[in-house]
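Structure file query_35.tsv; described as TSV, C-alpha atoms and all ligand atoms.
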chain	number	residue	atom	x	y	z
A	1	MET	CA	-1.20	-4.58	31.43
A	2	ASN	CA	2.42	-5.51	31.98
A	3	GLN	CA	5.34	-4.07	30.01
A	4	ASP	CA	5.62	-7.08	27.68
A	5	GLU	CA	1.99	-6.61	26.66
A	6	LEU	CA	2.59	-2.87	26.06
A	7	LYS	CA	5.58	-3.74	23.88
A	8	ARG	CA	3.51	-6.29	21.97
A	9	GLN	CA	0.80	-3.69	21.32
A	10	VAL	CA	3.16	-0.97	20.13
A	11	GLY	CA	5.06	-3.49	17.99
A	12	GLN	CA	1.83	-4.39	16.29
A	13	THR	CA	0.90	-0.72	15.76
A	14	ALA	CA	4.27	0.02	14.17
A	15	VAL	CA	3.62	-2.56	11.46
A	16	GLU	CA	0.95	-0.19	10.09
A	17	TYR	CA	3.73	2.28	9.19
A	18	VAL	CA	5.53	-0.31	7.04
A	19	GLU	CA	4.96	-0.25	3.29
A	20	GLU	CA	4.88	-3.56	1.45
A	21	ASP	CA	8.01	-4.21	-0.72
A	22	SER	CA	9.97	-1.35	0.90
A	23	ILE	CA	13.48	-1.38	2.31
A	24	LEU	CA	13.10	-0.87	6.04
A	25	GLY	CA	15.57	0.24	8.70
A	26	VAL	CA	15.24	-1.83	11.85
A	27	GLY	CA	16.59	-0.96	15.31
A	28	THR	CA	17.49	-3.11	18.29
A	29	GLY	CA	15.97	-4.18	21.59
A	30	SER	CA	13.01	-5.97	23.13
A	31	THR	CA	10.42	-3.50	21.75
A	32	VAL	CA	11.87	-3.93	18.28
A	33	ASN	CA	11.79	-7.70	18.77
A	34	ALA	CA	8.05	-7.40	19.44
A	35	PHE	CA	7.77	-5.35	16.23
A	36	ILE	CA	9.66	-8.03	14.26
A	37	ASP	CA	7.31	-10.71	15.66
A	38	ALA	CA	4.29	-8.61	14.64
A	39	LEU	CA	5.77	-8.00	11.19
A	40	ALA	CA	6.17	-11.76	10.71
A	41	ALA	CA	2.60	-12.38	11.86
A	42	SER	CA	1.24	-9.67	9.54
A	43	GLY	CA	2.49	-11.45	6.42
A	44	LYS	CA	3.74	-8.10	5.02
A	45	LYS	CA	6.65	-8.68	2.66
A	46	LEU	CA	9.69	-6.40	2.53
A	47	GLU	CA	12.09	-6.01	-0.34
A	48	ALA	CA	14.88	-5.97	2.28
A	49	ALA	CA	15.94	-4.49	5.60
A	50	VAL	CA	18.95	-2.60	6.91
A	51	SER	CA	19.71	-3.74	10.43
A	52	SER	CA	21.25	-1.84	13.34
A	53	SER	CA	22.82	-4.87	15.06
A	54	LEU	CA	23.91	-8.46	14.65
A	55	ALA	CA	21.10	-9.50	17.04
A	56	THR	CA	18.44	-7.83	14.89
A	57	THR	CA	19.99	-9.26	11.72
A	58	GLU	CA	19.59	-12.78	13.14
A	59	ARG	CA	15.96	-12.13	14.07
A	60	LEU	CA	15.11	-10.66	10.69
A	61	GLN	CA	16.76	-13.51	8.82
A	62	ALA	CA	14.90	-16.01	11.01
A	63	ILE	CA	11.58	-14.62	9.69
A	64	GLY	CA	12.82	-14.67	6.10
A	65	VAL	CA	13.75	-10.99	5.64
A	66	ARG	CA	16.75	-10.29	3.41
A	67	VAL	CA	19.20	-8.07	5.28
A	68	ILE	CA	21.36	-5.77	3.17
A	69	ASP	CA	24.24	-3.43	3.89
A	70	LEU	CA	23.39	0.28	4.08
A	71	ASN	CA	25.96	0.87	1.31
A	72	GLN	CA	23.86	-1.26	-1.03
A	73	THR	CA	20.93	1.15	-0.91
A	74	GLY	CA	20.19	4.85	-1.03
A	75	GLY	CA	18.26	6.52	1.74
A	76	LEU	CA	15.59	4.55	3.57
A	77	ASP	CA	11.97	5.65	3.78
A	78	LEU	CA	11.38	4.37	7.27
A	79	TYR	CA	13.35	3.44	10.38
A	80	VAL	CA	11.65	1.72	13.32
A	81	ASP	CA	13.50	1.61	16.63
A	82	GLY	CA	12.98	1.73	20.39
A	83	ALA	CA	14.44	4.07	23.01
A	84	ASP	CA	15.47	4.12	26.64
A	85	GLU	CA	13.94	7.58	27.15
A	86	PHE	CA	12.00	10.10	25.07
A	87	ASP	CA	10.98	13.70	25.80
A	88	HIS	CA	8.15	15.82	24.36
A	89	HIS	CA	10.47	17.08	21.58
A	90	ARG	CA	10.95	13.40	20.55
A	91	ARG	CA	14.60	13.58	21.55
A	92	LEU	CA	15.87	10.25	22.82
A	93	ILE	CA	18.41	8.44	24.89
A	94	LYS	CA	19.36	5.17	23.23
A	95	GLY	CA	22.04	2.55	23.60
A	96	GLY	CA	20.83	0.52	26.56
A	97	GLY	CA	21.42	-2.48	24.28
A	98	GLY	CA	24.73	-1.06	23.09
A	99	ALA	CA	23.72	-0.64	19.43
A	100	LEU	CA	23.64	3.18	19.49
A	101	THR	CA	26.19	3.89	16.76
A	102	ARG	CA	24.59	1.73	14.07
A	103	GLU	CA	21.19	2.95	15.24
A	104	LYS	CA	22.27	6.56	14.79
A	105	ILE	CA	23.64	5.80	11.32
A	106	VAL	CA	20.43	4.11	10.17
A	107	ALA	CA	18.29	6.88	11.71
A	108	GLN	CA	20.36	9.46	9.85
A	109	ALA	CA	19.87	7.55	6.58
A	110	SER	CA	16.09	7.45	6.98
A	111	ARG	CA	13.52	9.98	5.87
A	112	ARG	CA	11.15	8.96	8.69
A	113	PHE	CA	12.13	7.65	12.12
A	114	VAL	CA	9.27	6.04	14.04
A	115	CYS	CA	10.32	5.42	17.63
A	116	ILE	CA	8.36	2.76	19.49
A	117	ALA	CA	8.17	2.65	23.27
A	118	ASP	CA	5.95	2.22	26.27
A	119	GLU	CA	4.92	4.98	28.65
A	120	SER	CA	7.66	4.10	31.17
A	121	LYS	CA	10.20	5.65	28.77
A	122	GLN	CA	8.57	9.10	28.72
A	123	VAL	CA	10.42	11.82	30.68
A	124	GLY	CA	10.24	15.59	31.14
A	125	VAL	CA	14.00	16.02	30.87
A	126	LEU	CA	16.34	13.36	29.48
A	127	GLY	CA	19.02	11.94	31.71
A	128	ALA	CA	17.64	9.69	34.44
A	129	PHE	CA	18.74	6.74	32.27
A	130	PRO	CA	22.56	6.55	32.29
A	131	LEU	CA	23.80	7.92	28.97
A	132	PRO	CA	25.61	5.29	26.86
A	133	VAL	CA	28.75	6.51	25.07
A	134	GLU	CA	30.59	4.22	22.63
A	135	VAL	CA	34.37	4.69	22.85
A	136	ILE	CA	37.43	3.33	21.08
A	137	PRO	CA	38.95	0.98	23.72
A	138	MET	CA	42.35	2.76	24.00
A	139	ALA	CA	40.55	6.05	24.77
A	140	ARG	CA	38.24	4.68	27.47
A	141	SER	CA	40.00	6.23	30.49
A	142	LEU	CA	40.75	9.49	28.67
A	143	VAL	CA	37.13	9.92	27.65
A	144	ALA	CA	35.95	8.93	31.13
A	145	ARG	CA	38.05	11.73	32.66
A	146	LYS	CA	36.66	14.24	30.16
A	147	LEU	CA	33.11	13.14	30.98
A	148	VAL	CA	33.81	13.65	34.70
A	149	GLY	CA	34.97	17.15	33.76
A	150	MET	CA	31.59	17.66	32.07
A	151	GLY	CA	29.80	16.75	35.30
A	152	GLY	CA	29.00	13.09	34.61
A	153	GLN	CA	29.89	9.88	36.41
A	154	PRO	CA	30.95	7.36	33.76
A	155	GLU	CA	30.81	3.66	34.48
A	156	TRP	CA	32.55	1.17	32.18
A	157	ARG	CA	30.11	-1.49	30.92
A	158	GLU	CA	32.69	-4.16	31.72
A	159	GLY	CA	32.59	-7.39	29.73
A	160	PHE	CA	30.54	-5.82	26.93
A	161	THR	CA	31.89	-5.19	23.43
A	162	THR	CA	29.81	-3.44	20.77
A	163	ASP	CA	29.23	-4.92	17.31
A	164	ASN	CA	31.93	-2.44	16.20
A	165	GLY	CA	34.52	-3.86	18.65
A	166	ASN	CA	34.35	-0.91	21.04
A	167	ASP	CA	33.58	-0.21	24.72
A	168	ILE	CA	30.59	1.50	26.32
A	169	LEU	CA	30.68	4.04	29.13
A	170	ASP	CA	27.32	4.54	30.87
A	171	VAL	CA	27.31	8.10	32.19
A	172	HIS	CA	25.25	8.81	35.29
A	173	ASN	CA	23.94	12.22	36.38
A	174	MET	CA	24.80	14.01	33.14
A	175	ASP	CA	22.99	17.34	32.80
A	176	LEU	CA	20.93	17.00	29.61
A	177	VAL	CA	18.88	20.19	29.81
A	178	ASP	CA	20.34	21.09	26.38
A	179	PRO	CA	20.59	17.66	24.75
A	180	VAL	CA	21.78	18.91	21.34
A	181	ALA	CA	24.68	20.92	22.82
A	182	THR	CA	25.69	17.99	25.03
A	183	GLU	CA	25.41	15.54	22.12
A	184	GLN	CA	27.75	17.73	20.07
A	185	ALA	CA	30.19	18.25	22.94
A	186	ILE	CA	30.48	14.55	23.76
A	187	ASN	CA	30.73	13.52	20.11
A	188	ASN	CA	33.62	15.98	19.73
A	189	LEU	CA	35.79	14.22	22.32
A	190	PRO	CA	38.60	12.29	20.60
A	191	GLY	CA	37.98	8.58	21.10
A	192	VAL	CA	34.18	8.88	21.23
A	193	VAL	CA	32.43	7.07	18.39
A	194	THR	CA	29.05	8.51	19.33
A	195	CYS	CA	26.86	9.09	22.36
A	196	GLY	CA	23.32	7.84	22.88
A	197	ILE	CA	21.63	11.25	22.72
A	198	PHE	CA	19.40	11.44	19.64
A	199	GLY	CA	18.78	15.19	19.63
A	200	ILE	CA	20.37	16.39	16.40
A	201	ARG	CA	18.30	13.76	14.61
A	202	PRO	CA	15.30	13.11	16.90
A	203	ALA	CA	12.46	10.73	16.10
A	204	ASP	CA	9.79	12.09	13.76
A	205	VAL	CA	7.10	10.44	15.83
A	206	VAL	CA	7.14	8.46	19.05
A	207	VAL	CA	4.41	5.84	19.14
A	208	TYR	CA	4.04	4.56	22.68
A	209	ALA	CA	1.78	2.15	24.47
A	210	SER	CA	0.11	3.24	27.69
A	211	GLN	CA	-2.51	1.77	30.01
A	212	GLN	CA	-4.97	4.07	28.18
A	213	GLY	CA	-4.04	2.78	24.74
A	214	ILE	CA	-1.61	3.78	21.98
A	215	LYS	CA	-0.45	7.42	22.05
A	216	THR	CA	1.89	9.51	19.94
A	217	ALA	CA	4.36	12.24	20.80
A	301	LIG	C1	19.56	-0.45	21.91
A	301	LIG	C2	18.56	0.62	22.10
A	301	LIG	C3	17.16	0.20	22.40
A	301	LIG	O1	16.32	0.81	21.48
A	301	LIG	C4	16.79	0.63	23.77
A	301	LIG	O2	17.75	0.12	24.68
A	301	LIG	C5	15.39	0.17	24.16
A	301	LIG	O3	15.38	-1.20	24.34
A	301	LIG	P1	14.10	-1.98	24.83
A	301	LIG	O4	13.10	-1.89	23.71
A	301	LIG	O5	14.61	-3.38	25.05
A	301	LIG	O6	13.63	-1.35	26.09
A	301	LIG	O7	18.83	1.79	22.04
A	301	LIG	O8	20.84	0.07	21.71

Could you express the structure from this file as structure tokens?
Amino acid sequence: MNQDELKRQVGQTAVEYVEEDSILGVGTGSTVNAFIDALAASGKKLEAAVSSSLATTERLQAIGVRVIDLNQTGGLDLYVDGADEFDHHRRLIKGGGGALTREKIVAQASRRFVCIADESKQVGVLGAFPLPVEVIPMARSLVARKLVGMGGQPEWREGFTTDNGNDILDVHNMDLVDPVATEQAINNLPGVVTCGIFGIRPADVVVYASQQGIKTA
């Protein structure tokens, strides 16, 4: 099975977690796109969705889902999103698609966070995937120097602007043995909007597709 097929399978499985007529939080990326396709095919109707990116908003609206602002609703029951890496504590690296800040906000607002992935995203220790950090543009060089001081090698994702109008630094070789401490330390740097470590608020379950079938972590 190729990766697209694994994404299709896990997208379909995730639809089972969705309650009819609920307000759903929806993440960003190709795995989430497979989930949105499966949701459309299932015929399940939502009251509305809260989206983590302009790209996801467009996809949801294209299948007839009403997208509302997070401020228009209380907490969400369920958030479905992908990840770039997950470990056995269900801590994640996210932000490969650059939507990490809105994703972290929607995850925080949700009682249950179901992360969907394929087995290629599973790691023993987070950090092989370069860690995305969203920064206010004027602070990009300052934050980059601080990240070098923390042992990382930041690379500016040149030509990319987040939905919030900010820049992304992709940090290579960051030591993430203690992801929560590193998440807090990076988020404390002036100019950082947030980093792509989801350790303080990990996923509640990771549902991932493997060559042996659907598994959970
Ligand atoms: C976007 C994300 C995505 O969830 C992550 O990049 C995984 O994407 P894909 O499902 O395309 O592999 O964090 O900001």

Pick from A:Asn187, A:Gln153, A:Ser53, A:Ser42 nearest to His172 of chain A, counting all atoms listed in the file:
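Distance minimum relative to His172 of chain A lands on A:Gln153.
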
May I ask you to write as a PyMOL selection string all residues lying at most 6 Å from ligand LIG 301 (chain A), with only C-alpha atoms and all ligand atoms counted?
chain A and resi 28-32+81-84+94-100

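For the atom pair formed by atom CA of Val26 of chain A and atom CA of Thr182 of chain A, the distance is 26.0 Å, given to one decimal.
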
Can you list every residue of segment 51-131 of chain A that has an atom at most 8 Å from segment 4-16 of chain A, with its nearest atom pair and the distance in Å to one decimal, using all atoms listed in the file, ordered by chain then number, as a Markdown table?
| residue | atom | partner | partner_atom | distance |
| --- | --- | --- | --- | --- |
| A:Val80 | CA | A:Ala14 | CA | 7.6 |
| A:Val114 | CA | A:Ala14 | CA | 7.8 |
| A:Ile116 | CA | A:Val10 | CA | 6.4 |
| A:Ala117 | CA | A:Lys7 | CA | 6.9 |
| A:Asp118 | CA | A:Leu6 | CA | 6.1 |

Interatomic distance, atom CA of Gln3 of chain A to atom CA of Thr57 of chain A (Å, one decimal)
24.0 Å

Write out as number ranges by chain each polymer residue whose atoms come within 12 Å of Asp87 of chain A, counting all atoms listed in the file; drop sequence neighbours fewer than 5 positions from it.
A: 92-93, 115, 117, 119-128, 176-179, 197-199, 202-203, 205-206, 208, 216-217

Contacts of Phe113 of chain A within 6 Å, only C-alpha atoms, excl. fewer than 5 positions in-chain, as a PDB file with C-alpha atoms, keeping the file's coordinate frame:
ATOM      1  CA  LEU A  78      11.380   4.370   7.270  1.00  0.00           C
ATOM      2  CA  TYR A  79      13.350   3.440  10.380  1.00  0.00           C
ATOM      3  CA  ALA A 203      12.460  10.730  16.100  1.00  0.00           C
ATOM      4  CA  ASP A 204       9.790  12.090  13.760  1.00  0.00           C
TER       5      ASP A 204
END
